[in-house]
Amino acid sequence: MSSISLAYLSNNLIYSALFVFTITFFLYAIETAWAVRGDDSASRQNVFDRSKTAKIARIATALMVLGFLLLLAAVIARGLSAHRVPWGNMYEFSITGALAFTGAYLAALQKYDLRWLGLPISIAVLLVLGTAITLLYRPSAPLVPALKSTWLVVHVSAAIISGGVFLLANSIAATYLILDRMESRGGRNAWAKRLPTLEVLDQLTYRLVAFVFPLWTFAVIAGAIWAESAWGRYWGWDPKETWAFITWVAYAAYLHARVTAGWKGKKAAWLCLFAGSTFLFNYVYVNVWGTGRHTYSGL
Amino acid sequence: MSDNRTELSGFGFFRYLWRQLTSMRTALILLLLLGIGAIPGSIFPQRTQNPMKVREYFINNPGIAEWMDRFKLFDVYGSPWFSAIYLLLFISLIGCVLPRSWEHFKAIGAKPPLTPKNLDRLEFYRVTNADKAEALNNAELWLKKHHFRIRHNPNSISAEKGYARESGNLLFHLSLIVVLIGIGMSSVFGARGEAIVNVGERFINTPTSYDNLSAGRFFKLEDMHSFSITLKDFKAEYDLATNAPIDYTLTASVSEDVEGPSVTRVVKVNRPLTFGSTRVYLQANGYSPLVTVTDKSGAIIFRGAVPFLPQDANLTSIGAIKIPDMNPQIGFIGSFIPTADRSASRGAFSSFPEALDPHLLISVFQGDIGMDNGVPQSVYRLDTSNMERIGLKELVIGESYSFNEVGTITFDGFTPWVNLQIVRDPGKGYALVGSVLAILGLLISLFTRRRRIWIKVGDVVEIAGLSKNNIEGLEKEIADLTTWLEER
């Protein structure tokens with residue numbers, strides 16, 4: 001297949017993925033609404049068939065897997081069309097980021113019951129893909145010389161996967177804070193009742209961060225090694241480097257606070273949210289409005 | 001009051017400070033401060049990265065910029081306050097990690113703690129009806145198989161696993177110190193500089209060959225590697241649709257010694273030349289127009305390639321040609337356009353970065369160039385304050401222009417130039433080894449779970465465990481151990 005038809009294929013796959021994620025979103029929304037109603041009418045359990053919501057959740061998850069596969073195919077086609085890994089500009093980072101985020105969620109779903117997160121996750125993926133298509137889209141093009149390196153694959157993949165997991169941890173930390181507020185104001189509402197306990201959420205956030213922190217460290221170091229061979233220095237306080245460092249420091253503080261200083265719950269959740277927002281800031285602000293050497297957005 | 005003061009004086013006070021500094025709380029605060037302190041450097045322009053932007057900032061924000069400069073907001077990462085944060089953090093780290101390393105070292109081979117009196121207060125407590133006589137032997141078999149450390153007590157066994165967690169943790173923190181040492185070595189023993197070299201010319205690594213060179217405090221001239229590089233060929237490839245560069249290839253003949261034999265090497269953006277701890281990077285490129293200037297008698301006054309500086313992505317470049325040997329002195333301000341195009345609004349401009357249709361626009365000035373008053377000048381700029389314009393012309397290759405019966409300039413052609421960045425960095429190896437060990441330490445410490453299990457035989461067989469941070473898996477381990485005991 002020629003480059004151009006591959007690029008078209010990639011675009012079509014993105015649209016298909018967007019379509020599938022939209023259906024996923026509606027299904028999760030219905031599931032959440034029904035489950036909430038079901039909890040409200042607990043006395044009339046026999047009227048409301050609980051197995052129905054479970055079925056819808058299963059269908060939604062299956063569709064999310066399909067969306068993930070379509071997105072994966074789209075990213076691969078994009079890469080093939082340009083004869084390189086598809087991480088040359090912000091459109092490509094975004095579609096790969098959405099892929100990593102979905103992948104992180106689906107992988108975590110294997111281990112923990114996170115179906116309640118399906119709705120916010122499908123919304124987030126829709127937003128990312130929507131922005132990518134409308135604002136960030138650039139035609140498939142070759143890489144600038146500085147990006148021509150094996151380190152592109154290593155550094156960027158590590159950074160994107162870390163980002164996906166950071167955002168997942170952030171979603172859970174945010175949920176923690178919302179539920180914590182609800183509980184201190186007199187109890188969970190119908191929607192919140194089916195969510196896990198605060199302790200479980202706190203643990204889960206910690207596990208995700210502890211799991212991905214070494215990968216993020218690796219992403220930063222791989223970036224430094226690459227910078228040494230491309231730009232002549234391994235660390236130059238370029239805005240992107242600075243913010244990657246800030247993210248690293250913030251998550252290191254989170255881990256220390258959680259493990260050594262015994263911070264749990266609210267304080268730890270806030271710290272996690274802060275750390276995650278430095279990552280997002282780095283991605284959005286530095287890529288689009290920043291100066292420095294990491295501005296590959298192509299905007 | 002006075003008693004308190006005597007207690008805190010001298011050594012006592014120092015010890016108090018040291019305890020405060022090495023406490024976890026202080027380390028956490030310093031860590032967060034380090035992150036927050038790094039922010040201004042990404043918001044305000046920094047001298048080390050972009051001195052031009054800093055100058056612009058001073059012009060646009062007079063008054064406030066001077067105040068900001070007092071707080072080193074344009075040199076954040078070299079500022080005393082930023083250095084203070086990371087030095088305090090590292091002192092705190094060393095003060096925390098070294099004693100812990102010593103403790104951990106002493107604990108090699110240490111036995112797990114004695115069995116507590118009341119096991120039922122611990123985690124995952126359970127009672128099993130396993131054979132009491134064989135329970136301890138069986139438990140030992142299972143625990144050994146799963147690599148627990150074991151302590152035999154009367155009627156009970158204490159077991160512990162996961163010492164590596166602390167080893168990894170310490171390895172991580174000690175490695176960070178190695179990274180810092182590497183960074184320190186880079187800055188005091190290192191040097192970096194740049195030189196613009198025309199294709200066809202030779203670069204010899206001596207201080208005079210550099211356009212600019214900045215060296216660390218302990219850098220010595222003997223440390224300079226004596227290599228030389230002759231630029232044979234430079235190719236830049238551009239995308240026809242977007243004009244973006246695709247590839248730069250520099251072919252050079254390189255010798256380790258100025259006198260020594262040479263080999264041909266290819267340099268690319270991600271493929272620098274390496275001479276020991278010195279590396280040579282291909283950083284930027286541009287065009288040097290080749291011109292010949294003759295006086296009115298036809299004698300050649302100047303002939304050569306003059307590097308011009310690119311101004312945009314399509315490499316429209318400007319520069320100056322100075323002829324101080326003519327009387328009165330002559331200077332040219334030139335604009336090199338690699339692929340000439342013309343529009344009503346922009347006049348002459350370049351539509352592609354490759355030199356497909358090169359034009360040279362020149363303005364001729366006559367008067368005092370200002371080179372004799374001792375003030376250093378930029379070679380790319382002509383100071384026309386004491387000069388008068390006597391001509392203006394657009395030239396294509398081979399074309400000549402006679403100005404005012406004074407002389408003639410001929411546009412002979414062009415040659416590309418490259419900007420070589422030469423970096424000596426003796427500390428980067430330490431930084432790399434430190435980083436790799438740090439990741440290793442992180443992995444060990446974050447994925448090792450430290451936990452204890454006790455088995456006690458009294459009236460019944462009791463089993464319980466203890467873990468830090470509610471780690472997963474201990475419950476299952478205890479369940480497995482129980483099953484094992486019951487099935488024996």
# chains A, B, ... in the order shown; residues from 1 in each chain; ligands from 1
$ residues_around --residues "Tyr283 of chain A" --least-positions-apart "2" --cutoff "12 Å" --atoms "only C-alpha atoms" --output "VMD selection string"
chain A and resid 89 to 91 93 to 94 97 159 to 160 163 239 to 241 243 to 244 247 276 to 281 285 to 290 294 to 297
$ write_last_selection --atoms "N, CA, C and O atoms" --output "CSV table (one decimal), in the first residue's frame"
chain,number,residue,atom,x,y,z
A,89,ASN,N,4.7,14.4,15.8
A,89,ASN,CA,4.0,15.7,16.1
A,89,ASN,C,2.9,15.4,17.1
A,89,ASN,O,2.7,14.3,17.5
A,90,MET,N,2.2,16.5,17.5
A,90,MET,CA,1.3,16.4,18.6
A,90,MET,C,0.1,15.6,18.3
A,90,MET,O,-0.5,14.9,19.2
A,91,TYR,N,-0.3,15.6,17.0
A,91,TYR,CA,-1.5,14.8,16.7
A,91,TYR,C,-1.2,13.3,16.9
A,91,TYR,O,-1.9,12.6,17.5
A,93,PHE,N,1.3,12.1,18.9
A,93,PHE,CA,1.4,11.9,20.4
A,93,PHE,C,0.0,11.7,21.0
A,93,PHE,O,-0.2,10.8,21.9
A,94,SER,N,-1.0,12.5,20.6
A,94,SER,CA,-2.3,12.4,21.2
A,94,SER,C,-3.0,11.1,20.9
A,94,SER,O,-3.6,10.5,21.8
A,97,GLY,N,-1.3,8.6,22.8
A,97,GLY,CA,-1.6,8.8,24.3
A,97,GLY,C,-2.9,8.2,24.6
A,97,GLY,O,-3.1,7.5,25.6
A,159,ALA,N,7.6,7.4,27.7
A,159,ALA,CA,6.9,8.6,28.2
A,159,ALA,C,5.4,8.5,28.0
A,159,ALA,O,4.7,8.8,28.9
A,160,ILE,N,5.0,7.9,26.9
A,160,ILE,CA,3.6,7.9,26.6
A,160,ILE,C,2.9,6.9,27.5
A,160,ILE,O,1.9,7.1,28.1
A,163,GLY,N,2.6,8.3,30.8
A,163,GLY,CA,1.6,9.3,30.8
A,163,GLY,C,0.2,8.7,31.0
A,163,GLY,O,-0.6,9.1,31.8
A,239,PRO,N,12.6,23.8,28.6
A,239,PRO,CA,11.3,23.7,29.3
A,239,PRO,C,10.7,22.3,29.5
A,239,PRO,O,10.2,22.0,30.6
A,240,LYS,N,10.8,21.5,28.4
A,240,LYS,CA,10.2,20.2,28.6
A,240,LYS,C,11.0,19.3,29.6
A,240,LYS,O,10.4,18.6,30.4
A,241,GLU,N,12.3,19.5,29.5
A,241,GLU,CA,13.2,18.7,30.5
A,241,GLU,C,12.9,19.2,31.9
A,241,GLU,O,12.7,18.4,32.8
A,243,TRP,N,10.1,20.5,33.1
A,243,TRP,CA,8.8,20.0,33.6
A,243,TRP,C,8.8,18.5,33.8
A,243,TRP,O,8.1,18.0,34.7
A,244,ALA,N,9.6,17.8,33.0
A,244,ALA,CA,9.7,16.3,33.2
A,244,ALA,C,10.3,16.1,34.6
A,244,ALA,O,9.9,15.2,35.3
A,247,THR,N,7.8,16.9,37.3
A,247,THR,CA,6.9,15.7,37.4
A,247,THR,C,7.6,14.6,38.2
A,247,THR,O,7.0,14.0,39.1
A,276,GLY,N,0.3,14.8,38.7
A,276,GLY,CA,-0.3,14.5,37.4
A,276,GLY,C,-0.5,15.7,36.5
A,276,GLY,O,-0.3,15.7,35.3
A,277,SER,N,-0.9,16.8,37.2
A,277,SER,CA,-1.1,18.0,36.5
A,277,SER,C,0.1,18.6,35.9
A,277,SER,O,0.1,19.3,34.9
A,278,THR,N,1.3,18.4,36.6
A,278,THR,CA,2.5,18.9,36.0
A,278,THR,C,2.8,18.1,34.7
A,278,THR,O,3.3,18.7,33.8
A,279,PHE,N,2.4,16.9,34.7
A,279,PHE,CA,2.6,16.1,33.4
A,279,PHE,C,1.8,16.7,32.3
A,279,PHE,O,2.3,16.9,31.2
A,280,LEU,N,0.5,16.9,32.6
A,280,LEU,CA,-0.4,17.4,31.6
A,280,LEU,C,0.0,18.8,31.1
A,280,LEU,O,0.0,19.1,29.9
A,281,PHE,N,0.5,19.6,32.1
A,281,PHE,CA,0.9,21.0,31.8
A,281,PHE,C,2.1,20.9,30.8
A,281,PHE,O,2.2,21.6,29.8
A,285,TYR,N,1.1,22.7,27.5
A,285,TYR,CA,1.7,24.0,27.4
A,285,TYR,C,3.0,24.1,26.7
A,285,TYR,O,3.2,24.8,25.8
A,286,VAL,N,3.9,23.2,27.1
A,286,VAL,CA,5.3,23.3,26.5
A,286,VAL,C,5.2,22.9,25.1
A,286,VAL,O,5.9,23.5,24.2
A,287,ASN,N,4.4,21.9,24.7
A,287,ASN,CA,4.4,21.5,23.3
A,287,ASN,C,3.8,22.7,22.4
A,287,ASN,O,4.3,22.9,21.3
A,288,VAL,N,2.7,23.3,22.9
A,288,VAL,CA,2.0,24.3,22.0
A,288,VAL,C,2.6,25.7,22.1
A,288,VAL,O,2.8,26.3,21.2
A,289,TRP,N,2.7,26.1,23.4
A,289,TRP,CA,3.1,27.5,23.6
A,289,TRP,C,4.6,27.7,24.0
A,289,TRP,O,5.1,28.8,24.0
A,290,GLY,N,5.2,26.6,24.3
A,290,GLY,CA,6.5,26.7,24.9
A,290,GLY,C,7.6,27.1,23.8
A,290,GLY,O,7.3,26.9,22.6
A,294,HIS,N,11.8,21.0,22.4
A,294,HIS,CA,10.8,19.9,22.4
A,294,HIS,C,9.5,20.3,21.7
A,294,HIS,O,8.5,19.6,21.8
A,295,THR,N,9.5,21.4,20.9
A,295,THR,CA,8.2,21.9,20.4
A,295,THR,C,8.0,21.2,19.0
A,295,THR,O,8.3,21.8,18.0
A,296,TYR,N,7.6,20.0,19.1
A,296,TYR,CA,7.4,19.2,17.8
A,296,TYR,C,5.9,19.2,17.4
A,296,TYR,O,5.5,18.3,16.6
A,297,SER,N,5.1,20.0,18.0
A,297,SER,CA,3.6,19.9,17.8
A,297,SER,C,3.3,20.1,16.4
A,297,SER,O,2.3,19.5,15.9
$ residues_around --residues "Lys55 of chain A" --least-positions-apart "3" --cutoff "12 Å" --atoms "only C-alpha atoms" --output "PDB file with all heavy atoms, in the first residue's frame"
ATOM      1  N   LEU A  27     -23.026   3.454  26.399  1.00  0.00           N
ATOM      2  CA  LEU A  27     -23.316   2.245  27.163  1.00  0.00           C
ATOM      3  C   LEU A  27     -22.910   2.417  28.628  1.00  0.00           C
ATOM      4  O   LEU A  27     -23.659   2.062  29.537  1.00  0.00           O
ATOM      5  CB  LEU A  27     -22.596   1.047  26.545  1.00  0.00           C
ATOM      6  CG  LEU A  27     -23.216   0.540  25.242  1.00  0.00           C
ATOM      7  CD1 LEU A  27     -22.406  -0.602  24.677  1.00  0.00           C
ATOM      8  CD2 LEU A  27     -24.660   0.099  25.485  1.00  0.00           C
ATOM      9  N   TYR A  28     -21.716   2.988  28.842  1.00  0.00           N
ATOM     10  CA  TYR A  28     -21.278   3.196  30.228  1.00  0.00           C
ATOM     11  C   TYR A  28     -22.219   4.163  30.942  1.00  0.00           C
ATOM     12  O   TYR A  28     -22.511   4.011  32.125  1.00  0.00           O
ATOM     13  CB  TYR A  28     -19.847   3.731  30.271  1.00  0.00           C
ATOM     14  CG  TYR A  28     -18.789   2.659  30.260  1.00  0.00           C
ATOM     15  CD1 TYR A  28     -17.780   2.659  29.301  1.00  0.00           C
ATOM     16  CD2 TYR A  28     -18.794   1.640  31.215  1.00  0.00           C
ATOM     17  CE1 TYR A  28     -16.801   1.678  29.284  1.00  0.00           C
ATOM     18  CE2 TYR A  28     -17.825   0.654  31.206  1.00  0.00           C
ATOM     19  CZ  TYR A  28     -16.831   0.677  30.235  1.00  0.00           C
ATOM     20  OH  TYR A  28     -15.868  -0.294  30.229  1.00  0.00           O
ATOM     21  N   ILE A  30     -25.421   4.606  30.310  1.00  0.00           N
ATOM     22  CA  ILE A  30     -26.655   3.884  30.622  1.00  0.00           C
ATOM     23  C   ILE A  30     -26.439   2.965  31.818  1.00  0.00           C
ATOM     24  O   ILE A  30     -27.220   2.935  32.764  1.00  0.00           O
ATOM     25  CB  ILE A  30     -27.119   3.057  29.397  1.00  0.00           C
ATOM     26  CG1 ILE A  30     -27.563   4.007  28.279  1.00  0.00           C
ATOM     27  CG2 ILE A  30     -28.244   2.115  29.780  1.00  0.00           C
ATOM     28  CD1 ILE A  30     -27.759   3.311  26.957  1.00  0.00           C
ATOM     29  N   GLU A  31     -25.294   2.269  31.772  1.00  0.00           N
ATOM     30  CA  GLU A  31     -24.990   1.324  32.843  1.00  0.00           C
ATOM     31  C   GLU A  31     -24.941   2.045  34.186  1.00  0.00           C
ATOM     32  O   GLU A  31     -25.525   1.603  35.170  1.00  0.00           O
ATOM     33  CB  GLU A  31     -23.652   0.639  32.534  1.00  0.00           C
ATOM     34  CG  GLU A  31     -23.327  -0.527  33.440  1.00  0.00           C
ATOM     35  CD  GLU A  31     -22.403  -0.142  34.565  1.00  0.00           C
ATOM     36  OE1 GLU A  31     -21.779   0.938  34.512  1.00  0.00           O
ATOM     37  OE2 GLU A  31     -22.313  -0.923  35.520  1.00  0.00           O
ATOM     38  N   TRP A  34     -28.502   3.196  35.233  1.00  0.00           N
ATOM     39  CA  TRP A  34     -29.334   2.081  35.681  1.00  0.00           C
ATOM     40  C   TRP A  34     -28.870   1.553  37.023  1.00  0.00           C
ATOM     41  O   TRP A  34     -29.670   1.259  37.899  1.00  0.00           O
ATOM     42  CB  TRP A  34     -29.309   0.952  34.660  1.00  0.00           C
ATOM     43  CG  TRP A  34     -30.230   1.223  33.516  1.00  0.00           C
ATOM     44  CD1 TRP A  34     -30.862   2.408  33.267  1.00  0.00           C
ATOM     45  CD2 TRP A  34     -30.607   0.318  32.497  1.00  0.00           C
ATOM     46  NE1 TRP A  34     -31.608   2.291  32.133  1.00  0.00           N
ATOM     47  CE2 TRP A  34     -31.475   1.023  31.634  1.00  0.00           C
ATOM     48  CE3 TRP A  34     -30.314  -1.007  32.226  1.00  0.00           C
ATOM     49  CZ2 TRP A  34     -32.041   0.421  30.519  1.00  0.00           C
ATOM     50  CZ3 TRP A  34     -30.869  -1.606  31.120  1.00  0.00           C
ATOM     51  CH2 TRP A  34     -31.728  -0.899  30.263  1.00  0.00           C
ATOM     52  N   ALA A  35     -27.550   1.429  37.142  1.00  0.00           N
ATOM     53  CA  ALA A  35     -27.013   0.888  38.389  1.00  0.00           C
ATOM     54  C   ALA A  35     -27.382   1.810  39.549  1.00  0.00           C
ATOM     55  O   ALA A  35     -27.734   1.359  40.633  1.00  0.00           O
ATOM     56  CB  ALA A  35     -25.514   0.726  38.297  1.00  0.00           C
ATOM     57  N   ASP A  49     -33.673  -5.539  37.209  1.00  0.00           N
ATOM     58  CA  ASP A  49     -32.813  -6.691  36.961  1.00  0.00           C
ATOM     59  C   ASP A  49     -31.353  -6.266  36.980  1.00  0.00           C
ATOM     60  O   ASP A  49     -30.870  -5.624  36.056  1.00  0.00           O
ATOM     61  CB  ASP A  49     -33.177  -7.313  35.609  1.00  0.00           C
ATOM     62  CG  ASP A  49     -32.424  -8.603  35.409  1.00  0.00           C
ATOM     63  OD1 ASP A  49     -31.699  -9.010  36.357  1.00  0.00           O
ATOM     64  OD2 ASP A  49     -32.541  -9.179  34.313  1.00  0.00           O
ATOM     65  N   ARG A  50     -30.663  -6.618  38.037  1.00  0.00           N
ATOM     66  CA  ARG A  50     -29.284  -6.197  38.212  1.00  0.00           C
ATOM     67  C   ARG A  50     -28.350  -6.798  37.156  1.00  0.00           C
ATOM     68  O   ARG A  50     -27.362  -6.203  36.749  1.00  0.00           O
ATOM     69  CB  ARG A  50     -28.846  -6.645  39.600  1.00  0.00           C
ATOM     70  CG  ARG A  50     -28.022  -5.710  40.461  1.00  0.00           C
ATOM     71  CD  ARG A  50     -28.085  -4.291  40.081  1.00  0.00           C
ATOM     72  NE  ARG A  50     -26.746  -3.733  40.172  1.00  0.00           N
ATOM     73  CZ  ARG A  50     -26.182  -3.356  41.292  1.00  0.00           C
ATOM     74  NH1 ARG A  50     -26.840  -3.392  42.408  1.00  0.00           N
ATOM     75  NH2 ARG A  50     -24.950  -2.900  41.302  1.00  0.00           N
ATOM     76  N   SER A  51     -28.710  -7.992  36.688  1.00  0.00           N
ATOM     77  CA  SER A  51     -27.828  -8.660  35.739  1.00  0.00           C
ATOM     78  C   SER A  51     -27.737  -7.877  34.424  1.00  0.00           C
ATOM     79  O   SER A  51     -26.781  -8.002  33.672  1.00  0.00           O
ATOM     80  CB  SER A  51     -28.322 -10.068  35.461  1.00  0.00           C
ATOM     81  OG  SER A  51     -29.590  -9.996  34.853  1.00  0.00           O
ATOM     82  N   LYS A  52     -28.781  -7.053  34.184  1.00  0.00           N
ATOM     83  CA  LYS A  52     -28.792  -6.263  32.953  1.00  0.00           C
ATOM     84  C   LYS A  52     -27.642  -5.270  32.919  1.00  0.00           C
ATOM     85  O   LYS A  52     -26.959  -5.102  31.920  1.00  0.00           O
ATOM     86  CB  LYS A  52     -30.108  -5.510  32.867  1.00  0.00           C
ATOM     87  CG  LYS A  52     -30.877  -5.760  31.592  1.00  0.00           C
ATOM     88  CD  LYS A  52     -32.053  -4.847  31.572  1.00  0.00           C
ATOM     89  CE  LYS A  52     -33.220  -5.460  30.829  1.00  0.00           C
ATOM     90  NZ  LYS A  52     -34.448  -4.701  31.104  1.00  0.00           N
ATOM     91  N   ARG A  58     -20.372  -5.320  30.460  1.00  0.00           N
ATOM     92  CA  ARG A  58     -19.523  -6.254  29.710  1.00  0.00           C
ATOM     93  C   ARG A  58     -19.445  -5.869  28.240  1.00  0.00           C
ATOM     94  O   ARG A  58     -18.386  -5.872  27.633  1.00  0.00           O
ATOM     95  CB  ARG A  58     -20.063  -7.678  29.849  1.00  0.00           C
ATOM     96  CG  ARG A  58     -19.442  -8.442  31.006  1.00  0.00           C
ATOM     97  CD  ARG A  58     -19.502  -9.946  30.760  1.00  0.00           C
ATOM     98  NE  ARG A  58     -20.858 -10.427  30.523  1.00  0.00           N
ATOM     99  CZ  ARG A  58     -21.736 -10.660  31.500  1.00  0.00           C
ATOM    100  NH1 ARG A  58     -21.396 -10.473  32.750  1.00  0.00           N
ATOM    101  NH2 ARG A  58     -22.951 -11.084  31.222  1.00  0.00           N
ATOM    102  N   ILE A  59     -20.611  -5.496  27.687  1.00  0.00           N
ATOM    103  CA  ILE A  59     -20.623  -5.086  26.273  1.00  0.00           C
ATOM    104  C   ILE A  59     -19.756  -3.831  26.093  1.00  0.00           C
ATOM    105  O   ILE A  59     -18.961  -3.721  25.158  1.00  0.00           O
ATOM    106  CB  ILE A  59     -22.071  -4.811  25.789  1.00  0.00           C
ATOM    107  CG1 ILE A  59     -22.882  -6.094  25.872  1.00  0.00           C
ATOM    108  CG2 ILE A  59     -22.071  -4.280  24.369  1.00  0.00           C
ATOM    109  CD1 ILE A  59     -24.361  -5.892  25.622  1.00  0.00           C
ATOM    110  N   ALA A  60     -19.916  -2.892  27.030  1.00  0.00           N
ATOM    111  CA  ALA A  60     -19.151  -1.642  26.938  1.00  0.00           C
ATOM    112  C   ALA A  60     -17.659  -1.936  26.968  1.00  0.00           C
ATOM    113  O   ALA A  60     -16.879  -1.380  26.187  1.00  0.00           O
ATOM    114  CB  ALA A  60     -19.540  -0.707  28.084  1.00  0.00           C
ATOM    115  N   THR A  61     -17.268  -2.834  27.871  1.00  0.00           N
ATOM    116  CA  THR A  61     -15.848  -3.165  27.964  1.00  0.00           C
ATOM    117  C   THR A  61     -15.360  -3.835  26.691  1.00  0.00           C
ATOM    118  O   THR A  61     -14.278  -3.527  26.183  1.00  0.00           O
ATOM    119  CB  THR A  61     -15.592  -4.083  29.176  1.00  0.00           C
ATOM    120  OG1 THR A  61     -16.147  -3.455  30.330  1.00  0.00           O
ATOM    121  CG2 THR A  61     -14.126  -4.313  29.392  1.00  0.00           C
ATOM    122  N   ALA A  62     -16.191  -4.730  26.157  1.00  0.00           N
ATOM    123  CA  ALA A  62     -15.817  -5.402  24.902  1.00  0.00           C
ATOM    124  C   ALA A  62     -15.632  -4.368  23.794  1.00  0.00           C
ATOM    125  O   ALA A  62     -14.688  -4.435  23.001  1.00  0.00           O
ATOM    126  CB  ALA A  62     -16.879  -6.412  24.516  1.00  0.00           C
ATOM    127  N   ARG A 115     -14.719  -1.181  36.604  1.00  0.00           N
ATOM    128  CA  ARG A 115     -15.747  -0.862  35.612  1.00  0.00           C
ATOM    129  C   ARG A 115     -16.391   0.489  35.863  1.00  0.00           C
ATOM    130  O   ARG A 115     -16.802   1.168  34.956  1.00  0.00           O
ATOM    131  CB  ARG A 115     -16.796  -1.964  35.579  1.00  0.00           C
ATOM    132  CG  ARG A 115     -16.388  -3.103  34.672  1.00  0.00           C
ATOM    133  CD  ARG A 115     -17.326  -4.251  34.811  1.00  0.00           C
ATOM    134  NE  ARG A 115     -17.370  -4.681  36.207  1.00  0.00           N
ATOM    135  CZ  ARG A 115     -18.162  -5.642  36.653  1.00  0.00           C
ATOM    136  NH1 ARG A 115     -19.003  -6.239  35.844  1.00  0.00           N
ATOM    137  NH2 ARG A 115     -18.129  -6.000  37.911  1.00  0.00           N
TER     138      ARG A 115
END
$ residues_around --residues "segment 58-70 of chain B" --least-positions-apart "4" --cutoff "12 Å" --atoms "only C-alpha atoms" --output "NGL selection string"
:B and (40-41 or 44-47 or 51-54 or 74-76 or 79-81)
$ residues_around --residues "segment 65-75 of chain A" --least-positions-apart "2" --cutoff "10 Å" --atoms "only C-alpha atoms" --output "PyMOL selection string"
chain A and resi 6-24+59-63+77-81+85-87+92-93+95-96+98-103+106+129
$ select_by_dssp --residues "segment 376-477 of chain B" --states "helix (DSSP H, G or I)" --output "PyMOL selection string"
chain B and resi 428-447+468-470+474-477
$ write_last_selection --atoms "N, CA and C atoms" --output "compact mmCIF listing (two decimals), in the first residue's frame"
# COMPACT_ATOMS: atom_id res chain seq x y z
N LYS B 428 29.97 12.63 32.21
CA LYS B 428 28.71 12.03 31.79
C LYS B 428 28.66 10.53 32.03
N GLY B 429 29.84 9.88 32.01
CA GLY B 429 29.87 8.45 32.29
C GLY B 429 29.36 8.15 33.70
N TYR B 430 29.78 8.98 34.66
CA TYR B 430 29.33 8.80 36.04
C TYR B 430 27.82 9.01 36.14
N ALA B 431 27.36 10.07 35.45
CA ALA B 431 25.92 10.36 35.49
C ALA B 431 25.13 9.19 34.92
N LEU B 432 25.67 8.59 33.85
CA LEU B 432 24.95 7.47 33.21
C LEU B 432 24.92 6.26 34.12
N VAL B 433 26.10 5.90 34.66
CA VAL B 433 26.15 4.73 35.54
C VAL B 433 25.25 4.96 36.75
N GLY B 434 25.31 6.17 37.32
CA GLY B 434 24.45 6.50 38.45
C GLY B 434 22.98 6.34 38.09
N SER B 435 22.58 6.81 36.89
CA SER B 435 21.17 6.73 36.49
C SER B 435 20.72 5.29 36.35
N VAL B 436 21.57 4.48 35.72
CA VAL B 436 21.18 3.08 35.50
C VAL B 436 21.03 2.37 36.84
N LEU B 437 22.00 2.60 37.75
CA LEU B 437 21.91 1.98 39.07
C LEU B 437 20.68 2.50 39.82
N ALA B 438 20.35 3.78 39.61
CA ALA B 438 19.19 4.34 40.30
C ALA B 438 17.91 3.62 39.87
N ILE B 439 17.78 3.37 38.56
CA ILE B 439 16.58 2.66 38.09
C ILE B 439 16.54 1.25 38.67
N LEU B 440 17.71 0.61 38.67
CA LEU B 440 17.80 -0.74 39.22
C LEU B 440 17.34 -0.73 40.69
N GLY B 441 17.87 0.24 41.44
CA GLY B 441 17.51 0.35 42.86
C GLY B 441 16.01 0.58 43.03
N LEU B 442 15.45 1.45 42.18
CA LEU B 442 14.02 1.74 42.24
C LEU B 442 13.21 0.48 42.02
N LEU B 443 13.59 -0.26 40.97
CA LEU B 443 12.83 -1.47 40.64
C LEU B 443 12.87 -2.45 41.80
N ILE B 444 14.08 -2.64 42.35
CA ILE B 444 14.20 -3.59 43.46
C ILE B 444 13.35 -3.12 44.64
N SER B 445 13.44 -1.83 44.94
CA SER B 445 12.77 -1.38 46.16
C SER B 445 11.26 -1.31 45.99
N LEU B 446 10.79 -0.94 44.78
CA LEU B 446 9.34 -0.80 44.64
C LEU B 446 8.65 -2.14 44.39
N PHE B 447 9.39 -3.13 43.92
CA PHE B 447 8.73 -4.41 43.63
C PHE B 447 9.08 -5.51 44.63
N LYS B 468 4.43 -4.09 55.83
CA LYS B 468 4.31 -2.65 55.78
C LYS B 468 3.43 -2.30 54.60
N ASN B 469 2.68 -1.23 54.73
CA ASN B 469 1.87 -0.71 53.63
C ASN B 469 0.88 -1.69 53.06
N ASN B 470 0.33 -2.56 53.88
CA ASN B 470 -0.72 -3.48 53.42
C ASN B 470 -0.41 -4.13 52.10
N LEU B 474 0.49 -11.18 51.02
CA LEU B 474 0.82 -11.81 52.30
C LEU B 474 -0.33 -12.73 52.72
N GLU B 475 -1.56 -12.26 52.50
CA GLU B 475 -2.72 -13.05 52.86
C GLU B 475 -2.69 -14.40 52.15
N LYS B 476 -2.33 -14.33 50.86
CA LYS B 476 -2.30 -15.57 50.07
C LYS B 476 -1.17 -16.46 50.56
N GLU B 477 -0.03 -15.86 50.87
CA GLU B 477 1.10 -16.65 51.35
C GLU B 477 0.73 -17.40 52.62
$ atom_distance --atom1 "atom CA of Lys393 of chain B" --atom2 "atom CA of Ser350 of chain B"
16.7 Å
$ select_by_dssp --residues "segment 178-329 of chain B" --states "strand (DSSP E or B)" --output "PyMOL selection string"
chain B and resi 191-198+202-204+212-215+228-238+245-255+263-268+271+273-275+278-295+300-305+309-310+317-323+329
